[in-house]
file upload.pdb (PDB, C-alpha atoms, pLDDT in the B column)
MODEL        1
ATOM      1  CA  MET A 347       6.983  19.747 -23.650  1.00 44.00           C
ATOM      2  CA  VAL A 348       7.275  21.200 -20.142  1.00 48.00           C
ATOM      3  CA  LYS A 349      10.585  22.826 -19.337  1.00 58.00           C
ATOM      4  CA  ARG A 350      12.055  22.106 -15.957  1.00 58.00           C
ATOM      5  CA  ASN A 351      12.374  24.811 -13.360  1.00 60.00           C
ATOM      6  CA  THR A 352      16.104  25.447 -13.095  1.00 83.00           C
ATOM      7  CA  ILE A 353      17.908  27.411 -10.418  1.00 86.00           C
ATOM      8  CA  GLN A 354      18.629  30.143 -12.982  1.00 87.00           C
ATOM      9  CA  ARG A 355      14.963  30.475 -13.857  1.00 88.00           C
ATOM     10  CA  GLN A 356      14.010  30.716 -10.205  1.00 90.00           C
ATOM     11  CA  LEU A 357      16.696  33.384  -9.666  1.00 91.00           C
ATOM     12  CA  ILE A 358      15.198  35.399 -12.533  1.00 92.00           C
ATOM     13  CA  VAL A 359      11.641  35.139 -11.201  1.00 90.00           C
ATOM     14  CA  ASN A 360      12.850  36.078  -7.704  1.00 90.00           C
ATOM     15  CA  ALA A 361      14.781  39.067  -9.101  1.00 93.00           C
ATOM     16  CA  ILE A 362      11.703  40.351 -10.933  1.00 92.00           C
ATOM     17  CA  HIS A 363       9.671  40.138  -7.716  1.00 90.00           C
ATOM     18  CA  GLU A 364      12.418  41.790  -5.654  1.00 91.00           C
ATOM     19  CA  LEU A 365      13.030  44.592  -8.166  1.00 91.00           C
ATOM     20  CA  ASP A 366       9.265  45.145  -8.369  1.00 78.00           C
ATOM     21  CA  LYS A 367       9.102  47.888 -11.030  1.00 84.00           C
ATOM     22  CA  HIS A 368       9.161  45.947 -14.310  1.00 93.00           C
ATOM     23  CA  PRO A 369      12.937  45.558 -14.691  1.00 94.00           C
ATOM     24  CA  THR A 370      14.986  45.320 -17.883  1.00 94.00           C
ATOM     25  CA  VAL A 371      17.258  42.349 -18.639  1.00 94.00           C
ATOM     26  CA  ASP A 372      20.223  44.464 -17.499  1.00 94.00           C
ATOM     27  CA  ASP A 373      18.478  45.241 -14.192  1.00 94.00           C
ATOM     28  CA  ILE A 374      17.765  41.542 -13.665  1.00 95.00           C
ATOM     29  CA  TYR A 375      21.290  40.476 -14.627  1.00 95.00           C
ATOM     30  CA  CYS A 376      22.923  43.048 -12.294  1.00 94.00           C
ATOM     31  CA  HIS A 377      20.644  42.025  -9.430  1.00 94.00           C
ATOM     32  CA  ILE A 378      21.451  38.327  -9.839  1.00 94.00           C
ATOM     33  CA  SER A 379      25.155  38.700 -10.623  1.00 92.00           C
ATOM     34  CA  ASP A 380      25.716  40.620  -7.369  1.00 89.00           C
ATOM     35  CA  LYS A 381      24.814  37.432  -5.477  1.00 89.00           C
ATOM     36  CA  TYR A 382      25.862  34.872  -8.120  1.00 90.00           C
ATOM     37  CA  PRO A 383      28.804  36.306 -10.095  1.00 90.00           C
ATOM     38  CA  GLY A 384      29.116  33.107 -12.157  1.00 89.00           C
ATOM     39  CA  ILE A 385      25.869  33.669 -14.042  1.00 90.00           C
ATOM     40  CA  SER A 386      26.219  35.013 -17.584  1.00 91.00           C
ATOM     41  CA  LYS A 387      24.052  37.610 -19.279  1.00 92.00           C
ATOM     42  CA  GLY A 388      23.397  35.037 -22.015  1.00 92.00           C
ATOM     43  CA  THR A 389      21.929  32.649 -19.442  1.00 92.00           C
ATOM     44  CA  VAL A 390      19.651  35.416 -18.166  1.00 94.00           C
ATOM     45  CA  TYR A 391      18.497  36.317 -21.703  1.00 94.00           C
ATOM     46  CA  ARG A 392      17.909  32.681 -22.668  1.00 93.00           C
ATOM     47  CA  ASN A 393      15.905  31.879 -19.533  1.00 94.00           C
ATOM     48  CA  ILE A 394      13.838  35.073 -19.686  1.00 95.00           C
ATOM     49  CA  ASN A 395      12.892  34.238 -23.269  1.00 94.00           C
ATOM     50  CA  LEU A 396      11.832  30.737 -22.184  1.00 93.00           C
ATOM     51  CA  LEU A 397       9.759  32.123 -19.316  1.00 93.00           C
ATOM     52  CA  VAL A 398       8.031  34.535 -21.719  1.00 94.00           C
ATOM     53  CA  GLU A 399       7.384  31.763 -24.268  1.00 93.00           C
ATOM     54  CA  GLU A 400       5.828  29.613 -21.538  1.00 91.00           C
ATOM     55  CA  GLY A 401       3.547  32.463 -20.450  1.00 91.00           C
ATOM     56  CA  LEU A 402       5.140  32.789 -17.005  1.00 90.00           C
ATOM     57  CA  LEU A 403       6.373  36.351 -17.644  1.00 92.00           C
ATOM     58  CA  LEU A 404       5.133  39.239 -19.745  1.00 92.00           C
ATOM     59  CA  ARG A 405       7.523  41.090 -22.044  1.00 93.00           C
ATOM     60  CA  LEU A 406       6.546  44.758 -22.171  1.00 92.00           C
ATOM     61  CA  ILE A 407       7.563  46.329 -25.461  1.00 89.00           C
ATOM     62  CA  SER A 408       7.283  50.082 -25.821  1.00 84.00           C
ATOM     63  CA  PRO A 409       8.984  52.275 -28.430  1.00 83.00           C
ATOM     64  CA  GLY A 410      12.027  54.143 -27.197  1.00 83.00           C
ATOM     65  CA  ILE A 411      12.645  52.119 -24.041  1.00 86.00           C
ATOM     66  CA  ALA A 412      14.270  48.759 -23.328  1.00 90.00           C
ATOM     67  CA  ASP A 413      11.955  45.770 -23.012  1.00 93.00           C
ATOM     68  CA  ARG A 414      10.705  45.312 -19.461  1.00 94.00           C
ATOM     69  CA  PHE A 415       9.417  42.188 -17.756  1.00 94.00           C
ATOM     70  CA  ASP A 416       6.415  41.654 -15.527  1.00 92.00           C
ATOM     71  CA  SER A 417       5.486  38.653 -13.415  1.00 89.00           C
ATOM     72  CA  GLY A 418       1.861  39.821 -13.379  1.00 89.00           C
ATOM     73  CA  ILE A 419       0.616  37.869 -16.371  1.00 89.00           C
ATOM     74  CA  HIS A 420      -3.017  38.994 -16.159  1.00 90.00           C
ATOM     75  CA  LYS A 421      -4.154  41.522 -18.774  1.00 91.00           C
ATOM     76  CA  HIS A 422      -3.481  45.028 -17.500  1.00 93.00           C
ATOM     77  CA  TYR A 423      -2.121  48.435 -18.492  1.00 95.00           C
ATOM     78  CA  HIS A 424       1.063  50.263 -17.561  1.00 94.00           C
ATOM     79  CA  ILE A 425       2.188  53.814 -16.920  1.00 94.00           C
ATOM     80  CA  TYR A 426       5.677  55.065 -17.868  1.00 93.00           C
ATOM     81  CA  CYS A 427       7.444  58.099 -16.412  1.00 93.00           C
ATOM     82  CA  ARG A 428       9.398  59.935 -19.114  1.00 91.00           C
ATOM     83  CA  GLY A 429      11.379  61.667 -16.354  1.00 93.00           C
ATOM     84  CA  CYS A 430      12.861  58.835 -14.303  1.00 91.00           C
ATOM     85  CA  GLY A 431      12.004  55.901 -16.572  1.00 90.00           C
ATOM     86  CA  SER A 432       9.884  54.022 -14.027  1.00 90.00           C
ATOM     87  CA  LEU A 433       7.210  51.694 -15.339  1.00 92.00           C
ATOM     88  CA  ALA A 434       4.305  50.663 -13.116  1.00 92.00           C
ATOM     89  CA  ASP A 435       0.953  48.929 -13.363  1.00 93.00           C
ATOM     90  CA  ALA A 436      -1.803  51.426 -14.184  1.00 94.00           C
ATOM     91  CA  PRO A 437      -4.728  51.185 -11.743  1.00 94.00           C
ATOM     92  CA  LEU A 438      -7.370  50.678 -14.444  1.00 94.00           C
ATOM     93  CA  ARG A 439      -9.430  47.675 -15.371  1.00 94.00           C
ATOM     94  CA  TYR A 440      -8.623  46.015 -18.702  1.00 93.00           C
ATOM     95  CA  TYR A 441     -11.195  46.992 -21.339  1.00 93.00           C
ATOM     96  CA  HIS A 442     -12.020  43.785 -23.221  1.00 91.00           C
ATOM     97  CA  GLU A 443     -14.609  45.807 -25.147  1.00 94.00           C
ATOM     98  CA  LEU A 444     -11.813  47.492 -27.114  1.00 95.00           C
ATOM     99  CA  ASP A 445     -10.825  44.122 -28.575  1.00 95.00           C
ATOM    100  CA  LYS A 446     -14.398  43.434 -29.705  1.00 95.00           C
ATOM    101  CA  ASP A 447     -14.951  46.962 -31.032  1.00 96.00           C
ATOM    102  CA  LEU A 448     -11.794  46.826 -33.141  1.00 96.00           C
ATOM    103  CA  ALA A 449     -12.549  43.303 -34.355  1.00 96.00           C
ATOM    104  CA  ASP A 450     -16.024  44.438 -35.441  1.00 96.00           C
ATOM    105  CA  ALA A 451     -14.605  47.504 -37.216  1.00 97.00           C
ATOM    106  CA  THR A 452     -11.751  45.740 -39.022  1.00 96.00           C
ATOM    107  CA  GLU A 453     -12.659  42.041 -39.305  1.00 93.00           C
ATOM    108  CA  TYR A 454      -9.371  41.243 -37.532  1.00 96.00           C
ATOM    109  CA  LYS A 455      -9.378  38.535 -34.894  1.00 96.00           C
ATOM    110  CA  ILE A 456      -8.122  40.530 -31.902  1.00 94.00           C
ATOM    111  CA  ASP A 457      -6.458  38.544 -29.090  1.00 90.00           C
ATOM    112  CA  SER A 458      -5.565  41.425 -26.796  1.00 88.00           C
ATOM    113  CA  HIS A 459      -4.146  44.926 -26.683  1.00 91.00           C
ATOM    114  CA  ASP A 460      -1.409  46.706 -24.751  1.00 90.00           C
ATOM    115  CA  ILE A 461      -1.557  50.281 -23.571  1.00 91.00           C
ATOM    116  CA  VAL A 462       1.286  52.186 -21.942  1.00 91.00           C
ATOM    117  CA  PHE A 463       0.384  55.628 -20.651  1.00 93.00           C
ATOM    118  CA  ASN A 464       3.227  58.167 -20.712  1.00 93.00           C
ATOM    119  CA  GLY A 465       3.726  61.097 -18.367  1.00 94.00           C
ATOM    120  CA  LEU A 466       5.554  62.308 -15.265  1.00 95.00           C
ATOM    121  CA  CYS A 467       5.362  60.525 -11.914  1.00 94.00           C
ATOM    122  CA  PRO A 468       4.656  62.612  -8.782  1.00 94.00           C
ATOM    123  CA  GLU A 469       8.372  62.790  -7.865  1.00 92.00           C
ATOM    124  CA  CYS A 470       9.414  63.966 -11.325  1.00 94.00           C
ATOM    125  CA  GLN A 471       6.589  66.543 -11.300  1.00 93.00           C
ATOM    126  CA  LYS A 472       8.120  68.033  -8.152  1.00 89.00           C
ATOM    127  CA  THR A 473      11.534  68.243  -9.822  1.00 83.00           C
ATOM    128  CA  ASP A 474       9.940  69.660 -12.978  1.00 73.00           C
ATOM    129  CA  LYS A 475       8.162  72.381 -10.952  1.00 69.00           C
ATOM    130  CA  LYS A 476      11.425  73.298  -9.177  1.00 62.00           C
ATOM    131  CA  GLY A 477      13.076  73.724 -12.573  1.00 57.00           C
ATOM    132  CA  GLU A 478      10.219  75.964 -13.751  1.00 59.00           C
ATOM    133  CA  GLU A 479      10.457  78.119 -10.606  1.00 56.00           C
ATOM    134  CA  GLU A 480      14.207  78.575 -11.024  1.00 55.00           C
ATOM    135  CA  ALA A 481      13.889  79.579 -14.698  1.00 47.00           C
TER
ENDMDL
END
call {"tool": "encode", "arguments": {"input": "upload.pdb", "output": "structure tokens"}}
result
Amino acid sequence: MVKRNTIQRQLIVNAIHELDKHPTVDDIYCHISDKYPGISKGTVYRNINLLVEEGLLLRLISPGIADRFDSGIHKHYHIYCRGCGSLADAPLRYYHELDKDLADATEYKIDSHDIVFNGLCPECQKTDKKGEEEA
């Protein structure tokens, strides 16, 4: 059954594109509610879940941080800054071979894998170096 494209769903997709850096539900809700104060957080949650179920958005789950959402639904990796909390696409090709290698080693049927690299972005490295120099 195909779900219809509601105004709320379009607002969510637009917000994710406008916010650009893999926003959380709270980021999306705040962005939309500034322009449309009548929208509820429940409506945003419900519609995001539907968009994920339909394969129109990716839900990025990583331990220790809130779920993020990505409109780029192709298989790709991400990089997370532990300083400022930004999450971006990692400029690496997706290694399908990992799926096959693990399937061969374990007899699992592997559909895909997710990798999130953790570190400090260039801006946070500058701040980190300033802190080291002052210490």
call {"tool": "residues_around", "arguments": {"input": "upload.pdb", "residues": "A:Arg428", "least_positions_apart": "6", "cutoff": "12 Å", "atoms": "all atoms listed in the file", "output": "ChimeraX atom specification"}}
result
/A:410-411,462-471,474
call {"tool": "residues_near_point", "arguments": {"input": "upload.pdb", "point": "(3.3, 47.3, -10.2)", "cutoff": "6 Å", "atoms": "only C-alpha atoms", "output": "ChimeraX atom specification"}}
result
/A:367,434-435
call {"tool": "write_last_selection", "arguments": {"input": "upload.pdb", "atoms": "C-alpha atoms", "output": "short mmCIF file (atom, residue, chain, number, x, y, z; two decimals), keeping the file's coordinate frame"}}
result
data_model
loop_
_atom_site.label_atom_id
_atom_site.label_comp_id
_atom_site.auth_asym_id
_atom_site.auth_seq_id
_atom_site.Cartn_x
_atom_site.Cartn_y
_atom_site.Cartn_z
CA LYS A 367 9.10 47.89 -11.03
CA ALA A 434 4.30 50.66 -13.12
CA ASP A 435 0.95 48.93 -13.36
#
call {"tool": "atom_distance", "arguments": {"input": "upload.pdb", "atom1": "atom CA of A:Gly401", "atom2": "atom CA of A:Asp416"}}
result
10.8 Å
call {"tool": "closest_residue", "arguments": {"input": "upload.pdb", "among": "A:Ile419, A:Asp366, A:His377, A:Thr389", "to": "A:Gln354", "atoms": "only C-alpha atoms"}}
result
A:Thr389
call {"tool": "atom_distance", "arguments": {"input": "upload.pdb", "atom1": "atom CA of A:Tyr391", "atom2": "atom CA of A:Phe415"}}
result
11.5 Å
call {"tool": "closest_residue", "arguments": {"input": "upload.pdb", "among": "A:Leu403, A:Ile394, A:Ile378, A:Leu438", "to": "A:Ile461", "atoms": "all atoms listed in the file"}}
result
A:Leu438
call {"tool": "resolve_selection", "arguments": {"input": "upload.pdb", "expression": "the PyMOL selection byres ((chain A and resi 417) around 12)", "output": "JSON, numbers by chain"}}
result
{"A": [358, 359, 360, 361, 362, 363, 364, 365, 366, 367, 368, 369, 394, 397, 398, 401, 402, 403, 404, 405, 406, 414, 415, 416, 418, 419, 420, 421, 422, 435]}
call {"tool": "write_last_selection", "arguments": {"input": "upload.pdb", "atoms": "C-alpha atoms", "output": "compact mmCIF listing (two decimals), in the frame of the given file"}}
result
# COMPACT_ATOMS: atom_id res chain seq x y z
CA ILE A 358 15.20 35.40 -12.53
CA VAL A 359 11.64 35.14 -11.20
CA ASN A 360 12.85 36.08 -7.70
CA ALA A 361 14.78 39.07 -9.10
CA ILE A 362 11.70 40.35 -10.93
CA HIS A 363 9.67 40.14 -7.72
CA GLU A 364 12.42 41.79 -5.65
CA LEU A 365 13.03 44.59 -8.17
CA ASP A 366 9.26 45.14 -8.37
CA LYS A 367 9.10 47.89 -11.03
CA HIS A 368 9.16 45.95 -14.31
CA PRO A 369 12.94 45.56 -14.69
CA ILE A 394 13.84 35.07 -19.69
CA LEU A 397 9.76 32.12 -19.32
CA VAL A 398 8.03 34.53 -21.72
CA GLY A 401 3.55 32.46 -20.45
CA LEU A 402 5.14 32.79 -17.00
CA LEU A 403 6.37 36.35 -17.64
CA LEU A 404 5.13 39.24 -19.74
CA ARG A 405 7.52 41.09 -22.04
CA LEU A 406 6.55 44.76 -22.17
CA ARG A 414 10.70 45.31 -19.46
CA PHE A 415 9.42 42.19 -17.76
CA ASP A 416 6.42 41.65 -15.53
CA GLY A 418 1.86 39.82 -13.38
CA ILE A 419 0.62 37.87 -16.37
CA HIS A 420 -3.02 38.99 -16.16
CA LYS A 421 -4.15 41.52 -18.77
CA HIS A 422 -3.48 45.03 -17.50
CA ASP A 435 0.95 48.93 -13.36
call {"tool": "atom_distance", "arguments": {"input": "upload.pdb", "atom1": "atom CA of A:Lys387", "atom2": "atom CA of A:Leu433"}}
result
22.3 Å
call {"tool": "residues_around", "arguments": {"input": "upload.pdb", "residues": "A:Ser458", "least_positions_apart": "6", "cutoff": "9 Å", "atoms": "all atoms listed in the file", "output": "ChimeraX atom specification"}}
result
/A:421,442,444-445
call {"tool": "residues_around", "arguments": {"input": "upload.pdb", "residues": "stretch 454-456 of chain A", "least_positions_apart": "4", "cutoff": "12 Å", "atoms": "all atoms listed in the file", "output": "PDB file with C-alpha atoms, keeping the file's coordinate frame"}}
result
ATOM      1  CA  HIS A 442     -12.020  43.785 -23.221  1.00 91.00           C
ATOM      2  CA  GLU A 443     -14.609  45.807 -25.147  1.00 94.00           C
ATOM      3  CA  LEU A 444     -11.813  47.492 -27.114  1.00 95.00           C
ATOM      4  CA  ASP A 445     -10.825  44.122 -28.575  1.00 95.00           C
ATOM      5  CA  LYS A 446     -14.398  43.434 -29.705  1.00 95.00           C
ATOM      6  CA  ASP A 447     -14.951  46.962 -31.032  1.00 96.00           C
ATOM      7  CA  LEU A 448     -11.794  46.826 -33.141  1.00 96.00           C
ATOM      8  CA  ALA A 449     -12.549  43.303 -34.355  1.00 96.00           C
ATOM      9  CA  ASP A 450     -16.024  44.438 -35.441  1.00 96.00           C
ATOM     10  CA  ASP A 460      -1.409  46.706 -24.751  1.00 90.00           C
TER      11      ASP A 460
END
call {"tool": "closest_residue", "arguments": {"input": "upload.pdb", "among": "A:Arg355, A:Ala412, A:Ser379, A:Gly431", "to": "A:Leu396", "atoms": "all atoms listed in the file"}}
result
A:Arg355
call {"tool": "closest_residue", "arguments": {"input": "upload.pdb", "among": "A:Thr473, A:Thr370, A:Asn395, A:Thr452", "to": "A:Cys430", "atoms": "only C-alpha atoms"}}
result
A:Thr473
call {"tool": "build_atoms", "arguments": {"input": "upload.pdb", "residues": "stretch 388-413 of chain A", "atoms": "N, CA, C and O atoms", "output": "mmCIF file, in the coordinates of the input"}}
result
data_model
loop_
_atom_site.group_PDB
_atom_site.id
_atom_site.type_symbol
_atom_site.label_atom_id
_atom_site.label_comp_id
_atom_site.auth_asym_id
_atom_site.auth_seq_id
_atom_site.Cartn_x
_atom_site.Cartn_y
_atom_site.Cartn_z
ATOM 1 N N GLY A 388 24.028 35.928 -21.047
ATOM 2 C CA GLY A 388 23.397 35.037 -22.015
ATOM 3 C C GLY A 388 22.433 34.071 -21.355
ATOM 4 O O GLY A 388 21.355 33.793 -21.888
ATOM 5 N N THR A 389 22.805 33.549 -20.191
ATOM 6 C CA THR A 389 21.929 32.649 -19.442
ATOM 7 C C THR A 389 20.662 33.378 -19.018
ATOM 8 O O THR A 389 19.558 32.836 -19.103
ATOM 9 N N VAL A 390 20.812 34.623 -18.581
ATOM 10 C CA VAL A 390 19.651 35.416 -18.166
ATOM 11 C C VAL A 390 18.739 35.657 -19.371
ATOM 12 O O VAL A 390 17.531 35.423 -19.298
ATOM 13 N N TYR A 391 19.301 36.093 -20.492
ATOM 14 C CA TYR A 391 18.497 36.317 -21.703
ATOM 15 C C TYR A 391 17.759 35.050 -22.125
ATOM 16 O O TYR A 391 16.559 35.077 -22.404
ATOM 17 N N ARG A 392 18.488 33.948 -22.206
ATOM 18 C CA ARG A 392 17.909 32.681 -22.668
ATOM 19 C C ARG A 392 16.748 32.247 -21.775
ATOM 20 O O ARG A 392 15.676 31.866 -22.249
ATOM 21 N N ASN A 393 16.943 32.319 -20.466
ATOM 22 C CA ASN A 393 15.905 31.879 -19.533
ATOM 23 C C ASN A 393 14.719 32.833 -19.486
ATOM 24 O O ASN A 393 13.577 32.393 -19.342
ATOM 25 N N ILE A 394 14.954 34.124 -19.629
ATOM 26 C CA ILE A 394 13.838 35.073 -19.686
ATOM 27 C C ILE A 394 12.991 34.779 -20.915
ATOM 28 O O ILE A 394 11.759 34.748 -20.844
ATOM 29 N N ASN A 395 13.646 34.551 -22.048
ATOM 30 C CA ASN A 395 12.892 34.238 -23.269
ATOM 31 C C ASN A 395 12.053 32.984 -23.101
ATOM 32 O O ASN A 395 10.907 32.929 -23.556
ATOM 33 N N LEU A 396 12.598 31.964 -22.442
ATOM 34 C CA LEU A 396 11.832 30.737 -22.184
ATOM 35 C C LEU A 396 10.635 31.009 -21.276
ATOM 36 O O LEU A 396 9.533 30.509 -21.520
ATOM 37 N N LEU A 397 10.843 31.802 -20.239
ATOM 38 C CA LEU A 397 9.759 32.123 -19.316
ATOM 39 C C LEU A 397 8.644 32.899 -20.027
ATOM 40 O O LEU A 397 7.457 32.680 -19.764
ATOM 41 N N VAL A 398 9.024 33.792 -20.942
ATOM 42 C CA VAL A 398 8.031 34.535 -21.719
ATOM 43 C C VAL A 398 7.278 33.586 -22.648
ATOM 44 O O VAL A 398 6.043 33.619 -22.719
ATOM 45 N N GLU A 399 8.016 32.724 -23.353
ATOM 46 C CA GLU A 399 7.384 31.763 -24.268
ATOM 47 C C GLU A 399 6.393 30.857 -23.547
ATOM 48 O O GLU A 399 5.356 30.489 -24.103
ATOM 49 N N GLU A 400 6.700 30.498 -22.312
ATOM 50 C CA GLU A 400 5.828 29.613 -21.538
ATOM 51 C C GLU A 400 4.679 30.359 -20.870
ATOM 52 O O GLU A 400 3.840 29.751 -20.202
ATOM 53 N N GLY A 401 4.632 31.683 -21.027
ATOM 54 C CA GLY A 401 3.547 32.463 -20.450
ATOM 55 C C GLY A 401 3.694 32.719 -18.964
ATOM 56 O O GLY A 401 2.729 33.080 -18.299
ATOM 57 N N LEU A 402 4.908 32.567 -18.434
ATOM 58 C CA LEU A 402 5.140 32.789 -17.005
ATOM 59 C C LEU A 402 5.602 34.212 -16.700
ATOM 60 O O LEU A 402 5.598 34.636 -15.549
ATOM 61 N N LEU A 403 5.999 34.941 -17.750
ATOM 62 C CA LEU A 403 6.373 36.351 -17.644
ATOM 63 C C LEU A 403 5.780 37.095 -18.824
ATOM 64 O O LEU A 403 5.598 36.517 -19.896
ATOM 65 N N LEU A 404 5.525 38.378 -18.636
ATOM 66 C CA LEU A 404 5.133 39.239 -19.745
ATOM 67 C C LEU A 404 6.341 40.055 -20.183
ATOM 68 O O LEU A 404 7.086 40.561 -19.348
ATOM 69 N N ARG A 405 6.522 40.180 -21.494
ATOM 70 C CA ARG A 405 7.523 41.090 -22.044
ATOM 71 C C ARG A 405 6.765 42.357 -22.436
ATOM 72 O O ARG A 405 5.807 42.300 -23.201
ATOM 73 N N LEU A 406 7.183 43.481 -21.879
ATOM 74 C CA LEU A 406 6.546 44.758 -22.171
ATOM 75 C C LEU A 406 7.402 45.494 -23.194
ATOM 76 O O LEU A 406 8.541 45.855 -22.910
ATOM 77 N N ILE A 407 6.847 45.676 -24.373
ATOM 78 C CA ILE A 407 7.563 46.329 -25.461
ATOM 79 C C ILE A 407 6.937 47.693 -25.678
ATOM 80 O O ILE A 407 5.729 47.807 -25.899
ATOM 81 N N SER A 408 7.759 48.734 -25.600
ATOM 82 C CA SER A 408 7.283 50.082 -25.821
ATOM 83 C C SER A 408 8.359 50.840 -26.592
ATOM 84 O O SER A 408 9.546 50.744 -26.241
ATOM 85 N N PRO A 409 7.982 51.562 -27.626
ATOM 86 C CA PRO A 409 8.984 52.275 -28.430
ATOM 87 C C PRO A 409 9.835 53.218 -27.590
ATOM 88 O O PRO A 409 9.333 53.915 -26.704
ATOM 89 N N GLY A 410 11.125 53.202 -27.846
ATOM 90 C CA GLY A 410 12.027 54.143 -27.197
ATOM 91 C C GLY A 410 12.575 53.714 -25.852
ATOM 92 O O GLY A 410 13.410 54.415 -25.287
ATOM 93 N N ILE A 411 12.098 52.599 -25.309
ATOM 94 C CA ILE A 411 12.645 52.119 -24.041
ATOM 95 C C ILE A 411 12.970 50.629 -24.167
ATOM 96 O O ILE A 411 12.411 49.935 -25.009
ATOM 97 N N ALA A 412 13.894 50.178 -23.334
ATOM 98 C CA ALA A 412 14.270 48.759 -23.328
ATOM 99 C C ALA A 412 13.078 47.905 -22.903
ATOM 100 O O ALA A 412 12.241 48.345 -22.112
ATOM 101 N N ASP A 413 13.008 46.688 -23.434
ATOM 102 C CA ASP A 413 11.955 45.770 -23.012
ATOM 103 C C ASP A 413 12.002 45.602 -21.501
ATOM 104 O O ASP A 413 13.084 45.531 -20.904
#
